[in-house]
$ cat final_15.cif   # mmCIF, C-alpha atoms
data_work
loop_
_atom_site.label_atom_id
_atom_site.label_comp_id
_atom_site.auth_asym_id
_atom_site.auth_seq_id
_atom_site.Cartn_x
_atom_site.Cartn_y
_atom_site.Cartn_z
CA MET A 1 99.29 152.02 156.90
CA SER A 2 99.95 152.37 153.20
CA GLU A 3 98.99 154.92 150.60
CA SER A 4 96.67 153.65 147.87
CA GLU A 5 96.72 154.90 144.30
CA SER A 6 93.80 157.18 145.05
CA GLY A 7 95.76 158.80 147.85
CA ILE A 8 93.44 157.44 150.52
CA GLU A 9 95.20 155.63 153.33
CA GLU A 10 94.42 151.98 153.79
CA ALA A 11 94.80 150.07 157.00
CA GLU A 12 94.45 146.48 158.08
CA VAL A 13 90.86 145.62 158.90
CA ASP A 14 90.33 144.67 162.53
CA VAL A 15 86.64 143.80 162.93
CA ASP A 16 85.16 145.04 166.20
CA PHE A 17 83.00 142.17 167.46
CA GLY A 18 81.90 144.20 170.48
CA GLU A 19 80.78 143.09 173.89
CA ASP A 20 78.61 140.18 172.74
CA GLY A 21 81.19 138.91 170.26
CA LEU A 22 78.92 139.53 167.25
CA VAL A 23 78.63 142.02 164.41
CA PRO A 24 75.59 142.55 162.21
CA ALA A 25 76.03 141.46 158.60
CA ILE A 26 73.83 142.69 155.76
CA ALA A 27 73.38 140.20 152.91
CA GLN A 28 72.86 141.93 149.56
CA ASP A 29 72.24 140.31 146.18
CA ALA A 30 75.45 141.02 144.27
CA ASP A 31 73.64 141.33 140.93
CA SER A 32 70.31 143.01 141.65
CA GLY A 33 71.41 145.01 144.70
CA GLU A 34 68.39 143.78 146.66
CA VAL A 35 68.96 143.73 150.42
CA LEU A 36 68.09 140.17 151.42
CA MET A 37 68.50 139.92 155.20
CA LEU A 38 70.43 140.96 158.25
CA ALA A 39 71.96 138.46 160.66
CA TYR A 40 74.80 138.32 163.15
CA VAL A 41 78.32 137.05 162.68
CA SER A 42 80.81 135.65 165.19
CA PRO A 43 84.55 135.45 164.53
CA GLU A 44 84.11 131.75 163.74
CA ALA A 45 81.24 132.49 161.33
CA LEU A 46 83.36 135.08 159.51
CA ASP A 47 86.27 132.64 159.26
CA ARG A 48 84.01 129.91 157.88
CA THR A 49 82.47 132.35 155.40
CA LEU A 50 85.88 133.37 154.05
CA GLU A 51 87.19 129.78 154.02
CA THR A 52 84.19 128.17 152.32
CA GLY A 53 82.89 131.00 150.14
CA GLU A 54 79.38 130.46 151.54
CA ALA A 55 77.69 132.76 154.05
CA HIS A 56 77.83 131.68 157.67
CA TYR A 57 76.22 133.49 160.58
CA TYR A 58 75.72 132.94 164.30
CA SER A 59 72.17 132.03 165.26
CA ARG A 60 71.32 133.98 168.40
CA SER A 61 68.17 131.91 169.01
CA ARG A 62 69.87 128.54 168.57
CA GLU A 63 73.18 129.84 170.00
CA GLU A 64 75.26 128.12 167.36
CA LEU A 65 77.14 128.57 164.12
CA TRP A 66 74.69 128.79 161.23
CA HIS A 67 75.51 127.78 157.69
CA LYS A 68 72.83 129.65 155.74
CA GLY A 69 71.02 127.19 153.49
CA GLY A 70 72.45 124.15 155.25
CA THR A 71 68.89 122.83 155.74
CA SER A 72 66.98 124.46 152.89
CA GLY A 73 69.67 124.40 150.21
CA HIS A 74 69.23 128.14 149.86
CA VAL A 75 72.91 128.94 150.26
CA GLN A 76 74.54 132.30 149.67
CA SER A 77 77.71 132.17 147.57
CA ILE A 78 79.99 135.01 148.58
CA GLU A 79 81.06 137.44 145.90
CA GLU A 80 82.72 139.87 148.31
CA VAL A 81 82.77 140.77 152.00
CA ARG A 82 82.96 144.45 152.90
CA VAL A 83 83.37 146.19 156.22
CA ASP A 84 82.10 149.61 157.21
CA CYS A 85 84.14 152.61 158.33
CA ASP A 86 83.78 151.74 162.03
CA GLU A 87 84.63 148.09 161.35
CA ASP A 88 81.58 146.97 163.33
CA THR A 89 79.25 145.97 160.48
CA LEU A 90 79.77 143.62 157.53
CA LEU A 91 78.24 143.57 154.07
CA TYR A 92 78.04 140.20 152.34
CA LEU A 93 77.61 140.54 148.58
CA VAL A 94 76.08 137.22 147.61
CA ASP A 95 74.65 135.04 144.90
CA GLN A 96 71.46 133.79 146.61
CA THR A 97 70.06 130.39 145.68
CA GLY A 98 66.26 130.35 146.07
CA GLY A 99 65.08 132.83 148.68
CA ALA A 100 66.78 134.30 151.73
CA CYS A 101 63.65 134.40 153.90
CA HIS A 102 62.17 131.46 155.74
CA THR A 103 58.71 132.74 154.74
CA GLY A 104 59.47 131.91 151.11
CA HIS A 105 60.31 135.42 150.02
CA ARG A 106 63.39 136.41 148.11
CA SER A 107 64.14 139.05 150.79
CA CYS A 108 63.27 139.25 154.48
CA PHE A 109 62.33 142.90 153.87
CA HIS A 110 59.08 142.09 152.07
CA ARG A 111 56.82 144.45 154.00
CA THR A 112 56.70 148.18 154.56
CA ILE A 113 56.49 149.58 158.08
CA ASP A 114 52.75 150.02 157.37
CA GLY A 115 52.37 146.29 156.76
CA GLU A 116 52.02 146.56 152.99
CA HIS A 117 53.31 143.49 151.18
CA VAL A 118 55.95 144.52 148.61
CA GLY A 119 58.24 141.50 148.26
CA GLU A 120 58.43 138.63 145.83
CA ARG A 121 57.60 135.15 147.08
CA VAL A 122 59.84 132.60 145.36
CA PHE A 123 59.23 129.31 147.12
CA GLU A 124 56.75 127.43 149.29
CA PRO A 125 58.20 127.13 152.80
CA ASP A 126 56.31 123.91 153.59
CA GLU A 127 58.06 122.19 150.71
CA VAL A 128 61.54 123.30 151.77
CA TYR A 129 61.74 123.07 155.56
CA MET B 1 45.06 139.68 160.20
CA SER B 2 43.76 140.25 156.70
CA GLU B 3 44.20 138.46 153.44
CA SER B 4 46.03 140.39 150.71
CA GLU B 5 45.35 140.03 147.00
CA SER B 6 48.32 137.69 146.70
CA GLY B 7 46.81 135.42 149.31
CA ILE B 8 49.57 136.12 151.79
CA GLU B 9 48.36 137.16 155.19
CA GLU B 10 49.30 140.60 156.39
CA ALA B 11 49.55 141.68 159.98
CA GLU B 12 50.13 144.90 161.83
CA VAL B 13 53.82 145.62 162.18
CA ASP B 14 55.00 145.69 165.78
CA VAL B 15 58.71 146.53 165.75
CA ASP B 16 60.69 144.54 168.31
CA PHE B 17 63.10 147.06 169.84
CA GLY B 18 64.67 144.40 172.02
CA GLU B 19 66.40 144.64 175.37
CA ASP B 20 68.39 147.79 174.60
CA GLY B 21 65.44 149.57 172.99
CA LEU B 22 67.14 149.76 169.58
CA VAL B 23 66.88 148.05 166.21
CA PRO B 24 69.48 148.14 163.44
CA ALA B 25 68.45 150.08 160.35
CA ILE B 26 70.09 149.63 156.96
CA ALA B 27 70.10 152.74 154.77
CA GLN B 28 70.00 151.91 151.06
CA ASP B 29 70.06 154.32 148.13
CA ALA B 30 66.56 154.02 146.68
CA ASP B 31 67.77 154.58 143.11
CA SER B 32 71.13 152.84 142.82
CA GLY B 33 70.53 150.14 145.44
CA GLU B 34 73.87 150.91 147.08
CA VAL B 35 73.95 150.04 150.77
CA LEU B 36 75.05 153.25 152.44
CA MET B 37 75.30 152.57 156.17
CA LEU B 38 73.91 150.77 159.18
CA ALA B 39 72.89 152.57 162.33
CA TYR B 40 70.52 152.03 165.25
CA VAL B 41 67.00 153.31 165.72
CA SER B 42 65.02 153.98 168.88
CA PRO B 43 61.23 154.26 168.96
CA GLU B 44 61.61 158.06 169.04
CA ALA B 45 63.99 157.98 166.05
CA LEU B 46 61.53 155.89 164.05
CA ASP B 47 58.68 158.24 164.93
CA ARG B 48 60.73 161.28 163.88
CA THR B 49 61.76 159.55 160.64
CA LEU B 50 58.15 158.82 159.71
CA GLU B 51 56.94 162.28 160.78
CA THR B 52 59.63 164.33 159.03
CA GLY B 53 60.48 162.13 156.04
CA GLU B 54 64.18 162.40 156.90
CA ALA B 55 66.23 159.59 158.43
CA HIS B 56 66.74 159.73 162.18
CA TYR B 57 68.80 157.32 164.24
CA TYR B 58 69.93 156.94 167.83
CA SER B 59 73.62 157.67 168.36
CA ARG B 60 74.95 155.03 170.74
CA SER B 61 78.20 156.95 171.28
CA ARG B 62 76.53 160.29 171.98
CA GLU B 63 73.51 158.61 173.56
CA GLU B 64 71.04 160.89 171.84
CA LEU B 65 68.60 161.19 168.96
CA TRP B 66 70.55 161.74 165.74
CA HIS B 67 69.11 163.56 162.74
CA LYS B 68 71.38 162.28 159.98
CA GLY B 69 72.81 165.25 158.11
CA GLY B 70 71.78 167.73 160.78
CA THR B 71 75.39 168.99 160.96
CA SER B 72 76.75 168.13 157.50
CA GLY B 73 73.65 168.80 155.43
CA HIS B 74 73.93 165.26 154.10
CA VAL B 75 70.37 164.33 154.93
CA GLN B 76 68.56 161.18 153.82
CA SER B 77 65.09 161.74 152.40
CA ILE B 78 62.96 158.70 153.07
CA GLU B 79 61.38 156.97 150.08
CA GLU B 80 60.11 153.99 152.09
CA VAL B 81 60.67 152.21 155.39
CA ARG B 82 60.57 148.43 155.38
CA VAL B 83 60.72 145.92 158.19
CA ASP B 84 62.06 142.37 158.07
CA CYS B 85 60.19 139.15 158.76
CA ASP B 86 61.21 139.11 162.44
CA GLU B 87 60.32 142.79 162.84
CA ASP B 88 63.69 143.46 164.47
CA THR B 89 65.51 145.17 161.59
CA LEU B 90 64.54 148.16 159.46
CA LEU B 91 65.44 149.09 155.90
CA TYR B 92 65.42 152.79 155.04
CA LEU B 93 65.18 153.39 151.29
CA VAL B 94 66.58 156.89 150.93
CA ASP B 95 67.59 159.68 148.62
CA GLN B 96 71.05 160.53 150.02
CA THR B 97 72.34 164.09 149.73
CA GLY B 98 76.16 164.12 149.43
CA GLY B 99 77.70 161.11 151.14
CA ALA B 100 76.54 158.90 153.98
CA CYS B 101 79.99 158.33 155.47
CA HIS B 102 81.84 160.77 157.69
CA THR B 103 85.04 159.84 155.81
CA GLY B 104 83.68 161.53 152.69
CA HIS B 105 82.57 158.35 150.93
CA ARG B 106 79.19 157.80 149.41
CA SER B 107 78.87 154.57 151.45
CA CYS B 108 80.36 153.51 154.77
CA PHE B 109 81.10 150.14 153.10
CA HIS B 110 84.00 151.44 151.04
CA ARG B 111 86.50 148.71 151.90
CA THR B 112 86.64 144.96 151.51
CA ILE B 113 87.43 142.75 154.48
CA ASP B 114 90.97 142.58 153.07
CA GLY B 115 91.32 146.37 153.33
CA GLU B 116 91.01 147.02 149.60
CA HIS B 117 89.50 150.40 148.84
CA VAL B 118 86.44 149.98 146.60
CA GLY B 119 84.21 152.95 147.43
CA GLU B 120 83.64 156.31 145.84
CA ARG B 121 84.75 159.40 147.72
CA VAL B 122 82.31 162.23 147.08
CA PHE B 123 83.28 165.01 149.47
CA GLU B 124 86.16 166.34 151.57
CA PRO B 125 85.33 165.74 155.24
CA ASP B 126 87.41 168.71 156.48
CA GLU B 127 85.22 171.06 154.44
CA VAL B 128 81.95 169.63 155.79
CA TYR B 129 82.41 168.90 159.49
#

$ encode --input "final_15.cif" --output "structure tokens"
Amino acid sequence: MSESESGIEEAEVDVDFGEDGLVPAIAQDADSGEVLMLAYVSPEALDRTLETGEAHYYSRSREELWHKGGTSGHVQSIEEVRVDCDEDTLLYLVDQTGGACHTGHRSCFHRTIDGEHVGERVFEPDEVY
Amino acid sequence: MSESESGIEEAEVDVDFGEDGLVPAIAQDADSGEVLMLAYVSPEALDRTLETGEAHYYSRSREELWHKGGTSGHVQSIEEVRVDCDEDTLLYLVDQTGGACHTGHRSCFHRTIDGEHVGERVFEPDEVY
């Protein structure tokens, strides 16, 4: 533990990957602040993200390491990785190429809970995947 | 299914609460865009959120419905609730009173993965809890 200039104690970050070995990670556009997506991160995915500077996740459906944009080219360049107070959630601040969502939208959160369409569509999925 | 003005099909939203009956919900400041916290939401918590206009979650540690700010007064007024493309994550756009984090910070994401302190402290936890 050390004392920062602001007087708030800082400690080493020890991410709590929990029982399933994964933590949720929120990807946020570093410039606009738009929340783009949420996915899950394994220790290996976090290591790869920090090593390469591009967002990696763990695909729960495919059960494998997932380099976001590896197929589509819609990579996320990492500006900063943050961790929350409980150390069990990550925040990826990213520069998103293209769109984050496989539906062609900039953000996966392109609908309200009432089903209203509020998001911006930025590419044609059939032309990318 | 219906066709929206933009030509993108819209469907009823059917939130996938998964095996444990919970979905992660990201709380984002509706004005500044700051990501404040991530917590989990049960069907009851979502119902209460939509009924009352204040963010409710399910506390996994206390195993009970959690009205955010019920103790501290730091409630989150709901501006909008969004759902992601897979319908298994929610985004609460909120007007946050005080700070979201029990440590006194505006956001729970007040540290980088390297332990650097980057967040704004807005209240003294000992005076609130």

$ interface_residues --input "final_15.cif" --of "chain B" --to "chain A" --cutoff "7 Å" --atoms "only C-alpha atoms" --output "list of chain:residue names"
B:Glu10, B:Ala11, B:Glu12, B:Val13, B:Gly33, B:Glu34, B:Val81, B:Arg82, B:Val83, B:Asp84, B:Cys85, B:Cys108, B:Phe109, B:His110, B:Arg111, B:Thr112, B:Ile113, B:Asp114, B:Gly115

$ write_last_selection --input "final_15.cif" --atoms "C-alpha atoms" --output "PDB file, keeping the file's coordinate frame"
ATOM      1  CA  GLU B  10      49.300 140.600 156.390  1.00  0.00           C
ATOM      2  CA  ALA B  11      49.550 141.680 159.980  1.00  0.00           C
ATOM      3  CA  GLU B  12      50.130 144.900 161.830  1.00  0.00           C
ATOM      4  CA  VAL B  13      53.820 145.620 162.180  1.00  0.00           C
ATOM      5  CA  GLY B  33      70.530 150.140 145.440  1.00  0.00           C
ATOM      6  CA  GLU B  34      73.870 150.910 147.080  1.00  0.00           C
ATOM      7  CA  VAL B  81      60.670 152.210 155.390  1.00  0.00           C
ATOM      8  CA  ARG B  82      60.570 148.430 155.380  1.00  0.00           C
ATOM      9  CA  VAL B  83      60.720 145.920 158.190  1.00  0.00           C
ATOM     10  CA  ASP B  84      62.060 142.370 158.070  1.00  0.00           C
ATOM     11  CA  CYS B  85      60.190 139.150 158.760  1.00  0.00           C
ATOM     12  CA  CYS B 108      80.360 153.510 154.770  1.00  0.00           C
ATOM     13  CA  PHE B 109      81.100 150.140 153.100  1.00  0.00           C
ATOM     14  CA  HIS B 110      84.000 151.440 151.040  1.00  0.00           C
ATOM     15  CA  ARG B 111      86.500 148.710 151.900  1.00  0.00           C
ATOM     16  CA  THR B 112      86.640 144.960 151.510  1.00  0.00           C
ATOM     17  CA  ILE B 113      87.430 142.750 154.480  1.00  0.00           C
ATOM     18  CA  ASP B 114      90.970 142.580 153.070  1.00  0.00           C
ATOM     19  CA  GLY B 115      91.320 146.370 153.330  1.00  0.00           C
TER      20      GLY B 115
END

$ residues_around --input "final_15.cif" --residues "Glu127 of chain B" --least-positions-apart "5" --cutoff "12 Å" --atoms "all atoms listed in the file" --output "number ranges by chain"
B: 71-73, 102-104, 122

$ atom_distance --input "final_15.cif" --atom1 "atom CA of Leu22 of chain A" --atom2 "atom CA of Ser61 of chain B"
17.9 Å

$ closest_residue --input "final_15.cif" --among "B:Asp47, B:Asp31, B:Asp20, B:Asp95" --to "Arg60 of chain B" --atoms "all atoms listed in the file"
B:Asp20

$ residues_around --input "final_15.cif" --residues "Ala55 of chain A" --least-positions-apart "2" --cutoff "9 Å" --atoms "all atoms listed in the file" --output "list of chain:residue names"
A:Ala27, A:Ala45, A:Leu46, A:Arg48, A:Thr49, A:Leu50, A:Thr52, A:Gly53, A:Tyr57, A:Trp66, A:His67, A:Lys68, A:Gly69, A:Val75, A:Gln76, A:Ser77, A:Ile78, A:Tyr92, A:Val94

$ atom_distance --input "final_15.cif" --atom1 "atom CA of Ser42 of chain B" --atom2 "atom CA of Tyr58 of chain B"
5.8 Å

$ atom_distance --input "final_15.cif" --atom1 "atom CA of Glu120 of chain B" --atom2 "atom CA of Arg62 of chain B"
27.4 Å
